[in-house]
Amino acid sequence: MSLIIGFMLLSLSFIGYINDKKVLNPLFIMPFLWGIILLLFNIIPHNIYQLQSQFLLSLVLWILSFMSVAFFALSFKVDSQISLFSPKIFTIYYYLVIICAPLAIFLIITEALKVGPELFFLKLRLMNTGIDEDSTFSLGPLAYVYNLANIVCLLFTFYFEKISKRRYYIILVIAIFLSLITLARTSIVMLLIEIIVILYFKEKLNKKTIVKFGAVIIAFLVVVTFFRSLAPWEKSVPFLETFSTYLFAGMPAFDTINYQAEQQTGTYTFRFFYAVANALGSTYEVKQNILPYVYVPIPTNVYTILYPFYKDFGYLGILTFGSIYGFIFGILYKFAKSKNELSIILFAIIFPCLILQFMGENIFLNLSTYLQYLIILLIPYYFKRI
């Protein structure tokens with residue numbers, strides 16, 4: 001059944017492509033991504049459990065609701081331009097990053113070295129995933145430099161012709177190094193995908209540039225994998241098994257979820273709002289972003305993008321939030337095509353969430369991060385109007 005659905009989704013992606021013949025069109029990306037994954041799941045040898053009806057039905061509902069609303073959003077007429085270029089604010093951003101980032105990196109490395117060289121990489125990983133229960137270490141306000149560096153990097157990428165090239169490459173190196181220090185492959189990949197999307201809308205990409213970016217992405221993945229392999233908690237596994245785990249494991253893991261209505265509505269989906277309410281004095285349960293492991297039969301704690309919506313609301317949640325996702329991506333893509341500068345950068349920021357759906361949900365589970373991104377983007381726009 002999964003193979004049949006895979007071919008159906010690939011056929012559906014063709015319909016999405018002919019909408020405007022652009023590879024970044026969400027109507028193309030959504031079914032194409034899942035069609036390829038399901039196809040590879042049936043072709044590449046692996047020991048992962050076969051997919052059950054719970055995941056397959058949820059996936060079909062997710063894609064159909066997404067595409068229906070995205071198609072509607074793409075029919076809107078738009079005519080607005082929002083420029084974010086502000087030399088003064090960009091200069092402030094630049095100096096904030098080059099001052100705060102090295103200090104944050106120094107504090108992180110110093111803290112990680114306290115456990116000794118043998119556990120250095122493990123300590124780094126635990127600190128940056130927020131599951132180091134034995135540590136009271138905190139960067140405080142310096143922690144915001146991660147998000148600031150990423151957004152400044154994207155702003156400088158978009159306005160590359162208007163800024164100092166030296167400043168751009170300094171910010172780019174800092175943003176990449178801040179991603180590297182978390183020992184997380186996805187943070188680096190997301191940043192590079194965002195840069196590629198911006199260059200695509202600016203019509204700066206050609207085949208040679210795409211090859212260069214592809215080489216950079218592969219190189220950084222190799223570097224991060226190498227550093228993580230030095231850590232004592234990592235076991236040596238064949239590449240194919242590692243590949244299968246990252247690409248496929250979330251799908252059968254989703255089949256292990258049990259939906260059960262709870263008193264606290266949307267415990268996972270609305271965790272940000274519950275966290276804010278607790279900060280104001282409430283006592284709601286706030287779930288961790290790090291999910292529990294299941295065996296499929298290999299251990300994994302990723303459940304695809306569908307997890308919070310099904311866990312909280314069942315199939316109705318899949319339909320509802322598939323529609324919300326479809327509207328967000330559809331309307332931003334429509335504005336981005338009209339050369340709206342804010343929309344191009346916003347679309348670039350959330351586009352990796354579309355590409356990495358097979359791993360997990362990012363927008364709602366990390367809403368605080370995306371709100372910080374939006375604020376950092378809007379500051380230059382509003383200050384230059386004063």
# chains A, B, ... in the order shown; residues from 1 in each chain; ligands from 1

call {"tool": "residues_around", "arguments": {"residues": "Val152 (chain A)", "least_positions_apart": "2", "cutoff": "10 Å", "atoms": "only C-alpha atoms", "output": "PDB file with N, CA and C atoms, in the first residue's frame"}}
result
ATOM      1  N   PHE A  90      21.459  47.259  10.645  1.00  0.00           N
ATOM      2  CA  PHE A  90      22.332  46.167  10.195  1.00  0.00           C
ATOM      3  C   PHE A  90      23.689  46.263  10.872  1.00  0.00           C
ATOM      4  N   TYR A  93      23.249  45.109  14.443  1.00  0.00           N
ATOM      5  CA  TYR A  93      23.144  43.653  14.425  1.00  0.00           C
ATOM      6  C   TYR A  93      24.527  43.006  14.257  1.00  0.00           C
ATOM      7  N   TYR A  94      25.292  43.558  13.350  1.00  0.00           N
ATOM      8  CA  TYR A  94      26.614  42.993  13.055  1.00  0.00           C
ATOM      9  C   TYR A  94      27.506  42.988  14.295  1.00  0.00           C
ATOM     10  N   VAL A  97      26.450  40.538  17.019  1.00  0.00           N
ATOM     11  CA  VAL A  97      26.817  39.149  16.724  1.00  0.00           C
ATOM     12  C   VAL A  97      28.303  38.919  16.960  1.00  0.00           C
ATOM     13  N   ASN A 147      19.811  32.761  17.362  1.00  0.00           N
ATOM     14  CA  ASN A 147      18.771  33.197  16.436  1.00  0.00           C
ATOM     15  C   ASN A 147      19.153  34.500  15.739  1.00  0.00           C
ATOM     16  N   LEU A 148      19.796  35.393  16.486  1.00  0.00           N
ATOM     17  CA  LEU A 148      20.215  36.663  15.890  1.00  0.00           C
ATOM     18  C   LEU A 148      21.215  36.433  14.757  1.00  0.00           C
ATOM     19  N   ALA A 149      22.193  35.564  14.990  1.00  0.00           N
ATOM     20  CA  ALA A 149      23.209  35.299  13.964  1.00  0.00           C
ATOM     21  C   ALA A 149      22.580  34.697  12.711  1.00  0.00           C
ATOM     22  N   ASN A 150      21.629  33.788  12.882  1.00  0.00           N
ATOM     23  CA  ASN A 150      20.962  33.176  11.726  1.00  0.00           C
ATOM     24  C   ASN A 150      20.217  34.210  10.896  1.00  0.00           C
ATOM     25  N   LEU A 154      20.859  35.741   7.050  1.00  0.00           N
ATOM     26  CA  LEU A 154      19.873  35.740   5.968  1.00  0.00           C
ATOM     27  C   LEU A 154      19.641  37.147   5.427  1.00  0.00           C
ATOM     28  N   LEU A 155      19.582  38.139   6.311  1.00  0.00           N
ATOM     29  CA  LEU A 155      19.434  39.521   5.864  1.00  0.00           C
ATOM     30  C   LEU A 155      20.616  39.949   5.009  1.00  0.00           C
ATOM     31  N   PHE A 156      21.810  39.605   5.443  1.00  0.00           N
ATOM     32  CA  PHE A 156      23.017  39.965   4.687  1.00  0.00           C
ATOM     33  C   PHE A 156      23.070  39.220   3.355  1.00  0.00           C
ATOM     34  N   THR A 157      22.544  37.990   3.345  1.00  0.00           N
ATOM     35  CA  THR A 157      22.487  37.241   2.086  1.00  0.00           C
ATOM     36  C   THR A 157      21.557  37.935   1.097  1.00  0.00           C
ATOM     37  N   PHE A 158      20.405  38.368   1.585  1.00  0.00           N
ATOM     38  CA  PHE A 158      19.426  39.009   0.703  1.00  0.00           C
ATOM     39  C   PHE A 158      19.948  40.355   0.190  1.00  0.00           C
ATOM     40  N   TYR A 168      29.727  40.196   5.579  1.00  0.00           N
ATOM     41  CA  TYR A 168      28.872  39.055   5.248  1.00  0.00           C
ATOM     42  C   TYR A 168      29.551  37.734   5.560  1.00  0.00           C
ATOM     43  N   ILE A 171      29.872  37.032   9.319  1.00  0.00           N
ATOM     44  CA  ILE A 171      28.593  36.600   9.894  1.00  0.00           C
ATOM     45  C   ILE A 171      28.268  35.178   9.462  1.00  0.00           C
ATOM     46  N   LEU A 172      28.540  34.847   8.200  1.00  0.00           N
ATOM     47  CA  LEU A 172      28.266  33.502   7.690  1.00  0.00           C
ATOM     48  C   LEU A 172      29.071  32.457   8.465  1.00  0.00           C
ATOM     49  N   ALA A 175      27.661  32.138  12.041  1.00  0.00           N
ATOM     50  CA  ALA A 175      26.379  31.418  12.060  1.00  0.00           C
ATOM     51  C   ALA A 175      26.598  29.919  11.884  1.00  0.00           C
ATOM     52  N   TYR A 373      12.590  35.240  15.415  1.00  0.00           N
ATOM     53  CA  TYR A 373      13.002  35.521  14.039  1.00  0.00           C
ATOM     54  C   TYR A 373      12.203  36.695  13.465  1.00  0.00           C
ATOM     55  N   ILE A 376      13.177  40.099  15.039  1.00  0.00           N
ATOM     56  CA  ILE A 376      14.479  40.555  14.547  1.00  0.00           C
ATOM     57  C   ILE A 376      14.360  41.086  13.126  1.00  0.00           C
ATOM     58  N   LEU A 377      13.505  40.460  12.313  1.00  0.00           N
ATOM     59  CA  LEU A 377      13.306  40.910  10.932  1.00  0.00           C
ATOM     60  C   LEU A 377      12.567  42.240  10.864  1.00  0.00           C
TER      61      LEU A 377
END

call {"tool": "residues_around", "arguments": {"residues": "Glu341 (chain A)", "least_positions_apart": "6", "cutoff": "8 Å", "atoms": "only C-alpha atoms", "output": "list in words"}}
result
Gln81, Ile82, Ser83 and Leu84 of chain A

call {"tool": "write_last_selection", "arguments": {"atoms": "all heavy atoms", "output": "CSV table (one decimal), in the first residue's frame"}}
result
chain,number,residue,atom,x,y,z
A,81,GLN,N,5.1,45.7,-1.3
A,81,GLN,CA,6.6,45.6,-1.1
A,81,GLN,C,7.0,46.1,0.3
A,81,GLN,O,6.5,47.2,0.7
A,81,GLN,CB,7.3,46.5,-2.2
A,81,GLN,CG,7.0,46.0,-3.6
A,81,GLN,CD,7.5,44.6,-3.9
A,81,GLN,OE1,8.5,44.2,-3.4
A,81,GLN,NE2,6.7,43.9,-4.7
A,82,ILE,N,7.8,45.3,0.9
A,82,ILE,CA,8.3,45.6,2.3
A,82,ILE,C,9.8,45.5,2.3
A,82,ILE,O,10.3,44.4,2.2
A,82,ILE,CB,7.7,44.8,3.4
A,82,ILE,CG1,6.2,44.9,3.4
A,82,ILE,CG2,8.3,45.1,4.7
A,82,ILE,CD1,5.5,44.1,4.5
A,83,SER,N,10.5,46.6,2.3
A,83,SER,CA,12.0,46.6,2.3
A,83,SER,C,12.5,46.5,3.8
A,83,SER,O,12.0,47.3,4.6
A,83,SER,CB,12.5,47.8,1.6
A,83,SER,OG,13.9,47.8,1.7
A,84,LEU,N,13.4,45.7,4.1
A,84,LEU,CA,14.0,45.5,5.4
A,84,LEU,C,15.3,46.2,5.5
A,84,LEU,O,16.0,46.1,6.6
A,84,LEU,CB,14.1,44.1,5.8
A,84,LEU,CG,12.8,43.2,5.7
A,84,LEU,CD1,13.0,41.8,6.0
A,84,LEU,CD2,11.7,43.8,6.6

call {"tool": "atom_distance", "arguments": {"atom1": "CA of Leu142 (chain A)", "atom2": "CA of Ile105 (chain A)"}}
result
9.8 Å

call {"tool": "closest_residue", "arguments": {"among": "A:Ala275, A:Ile195, A:Val296, A:Met30", "to": "Leu346 (chain A)", "atoms": "only C-alpha atoms"}}
result
A:Ile195

call {"tool": "select_by_dssp", "arguments": {"residues": "region 144-357 of chain A", "states": "strand (DSSP E)", "output": "PyMOL selection string"}}
result
chain A and resi 294-295+299-300

call {"tool": "closest_residue", "arguments": {"among": "A:Ile63, A:Leu316, A:Ser86, A:Tyr49", "to": "Leu12 (chain A)", "atoms": "only C-alpha atoms"}}
result
A:Ile63

call {"tool": "residues_around", "arguments": {"residues": "Thr245 (chain A)", "least_positions_apart": "4", "cutoff": "12 Å", "atoms": "only C-alpha atoms", "output": "number ranges by chain"}}
result
A: 41, 44-49, 237-241, 249-253, 295-303, 358-359

call {"tool": "write_last_selection", "arguments": {"atoms": "N, CA and C atoms", "output": "short mmCIF file (atom, residue, chain, number, x, y, z; two decimals), in the first residue's frame"}}
result
data_model
loop_
_atom_site.label_atom_id
_atom_site.label_comp_id
_atom_site.auth_asym_id
_atom_site.auth_seq_id
_atom_site.Cartn_x
_atom_site.Cartn_y
_atom_site.Cartn_z
N PHE A 41 11.59 3.96 0.72
CA PHE A 41 11.28 3.03 1.81
C PHE A 41 11.06 1.62 1.28
N ILE A 44 15.05 0.67 -0.82
CA ILE A 44 16.31 0.51 -0.08
C ILE A 44 16.15 -0.58 0.98
N PRO A 45 17.09 -1.54 1.03
CA PRO A 45 17.02 -2.59 2.06
C PRO A 45 17.14 -2.00 3.47
N HIS A 46 16.28 -2.43 4.36
CA HIS A 46 16.35 -1.97 5.75
C HIS A 46 15.57 -2.95 6.63
N ASN A 47 15.76 -2.82 7.94
CA ASN A 47 15.08 -3.71 8.90
C ASN A 47 13.95 -3.01 9.65
N ILE A 48 13.59 -1.82 9.18
CA ILE A 48 12.56 -1.04 9.87
C ILE A 48 11.18 -1.64 9.62
N TYR A 49 10.32 -1.54 10.63
CA TYR A 49 8.98 -2.09 10.53
C TYR A 49 8.22 -1.50 9.33
N VAL A 237 27.96 2.36 13.24
CA VAL A 237 26.90 1.68 12.49
C VAL A 237 27.13 1.91 11.00
N PRO A 238 26.71 0.98 10.16
CA PRO A 238 26.86 1.15 8.73
C PRO A 238 26.13 2.39 8.24
N PHE A 239 26.66 3.01 7.17
CA PHE A 239 26.05 4.23 6.65
C PHE A 239 24.60 4.01 6.24
N LEU A 240 24.33 2.88 5.59
CA LEU A 240 22.98 2.61 5.10
C LEU A 240 21.98 2.55 6.25
N GLU A 241 22.40 1.97 7.39
CA GLU A 241 21.50 1.92 8.54
C GLU A 241 21.27 3.30 9.13
N ALA A 249 12.69 6.12 9.95
CA ALA A 249 12.26 5.64 11.27
C ALA A 249 11.07 6.40 11.83
N GLY A 250 10.93 7.68 11.50
CA GLY A 250 9.82 8.46 12.04
C GLY A 250 8.46 7.96 11.61
N MET A 251 8.39 7.31 10.44
CA MET A 251 7.09 6.86 9.92
C MET A 251 6.53 5.69 10.72
N PRO A 252 7.26 4.58 10.89
CA PRO A 252 6.72 3.51 11.75
C PRO A 252 6.63 3.92 13.21
N ALA A 253 7.49 4.88 13.63
CA ALA A 253 7.39 5.37 15.01
C ALA A 253 6.04 6.06 15.22
N TYR A 295 11.09 1.73 19.69
CA TYR A 295 11.91 0.82 18.89
C TYR A 295 11.13 0.34 17.68
N VAL A 296 11.75 0.53 16.46
CA VAL A 296 11.02 0.18 15.25
C VAL A 296 11.77 -0.68 14.20
N PRO A 297 12.62 -1.63 14.53
CA PRO A 297 13.09 -2.02 15.86
C PRO A 297 14.30 -1.21 16.35
N ILE A 298 14.88 -0.37 15.51
CA ILE A 298 15.97 0.49 15.96
C ILE A 298 15.40 1.62 16.80
N PRO A 299 16.14 2.13 17.76
CA PRO A 299 15.60 3.20 18.61
C PRO A 299 15.51 4.53 17.86
N THR A 300 14.43 5.25 18.05
CA THR A 300 14.27 6.58 17.44
C THR A 300 13.34 7.42 18.30
N ASN A 301 13.55 8.71 18.28
CA ASN A 301 12.64 9.62 18.98
C ASN A 301 12.13 10.71 18.04
N VAL A 302 12.07 10.38 16.75
CA VAL A 302 11.43 11.26 15.77
C VAL A 302 10.18 10.56 15.25
N TYR A 303 9.12 11.34 15.00
CA TYR A 303 7.82 10.77 14.67
C TYR A 303 7.15 11.46 13.48
N PHE A 358 9.84 14.62 7.44
CA PHE A 358 9.96 13.21 7.83
C PHE A 358 10.61 13.05 9.20
N MET A 359 11.20 14.14 9.74
CA MET A 359 11.83 14.05 11.05
C MET A 359 10.91 14.54 12.16
#
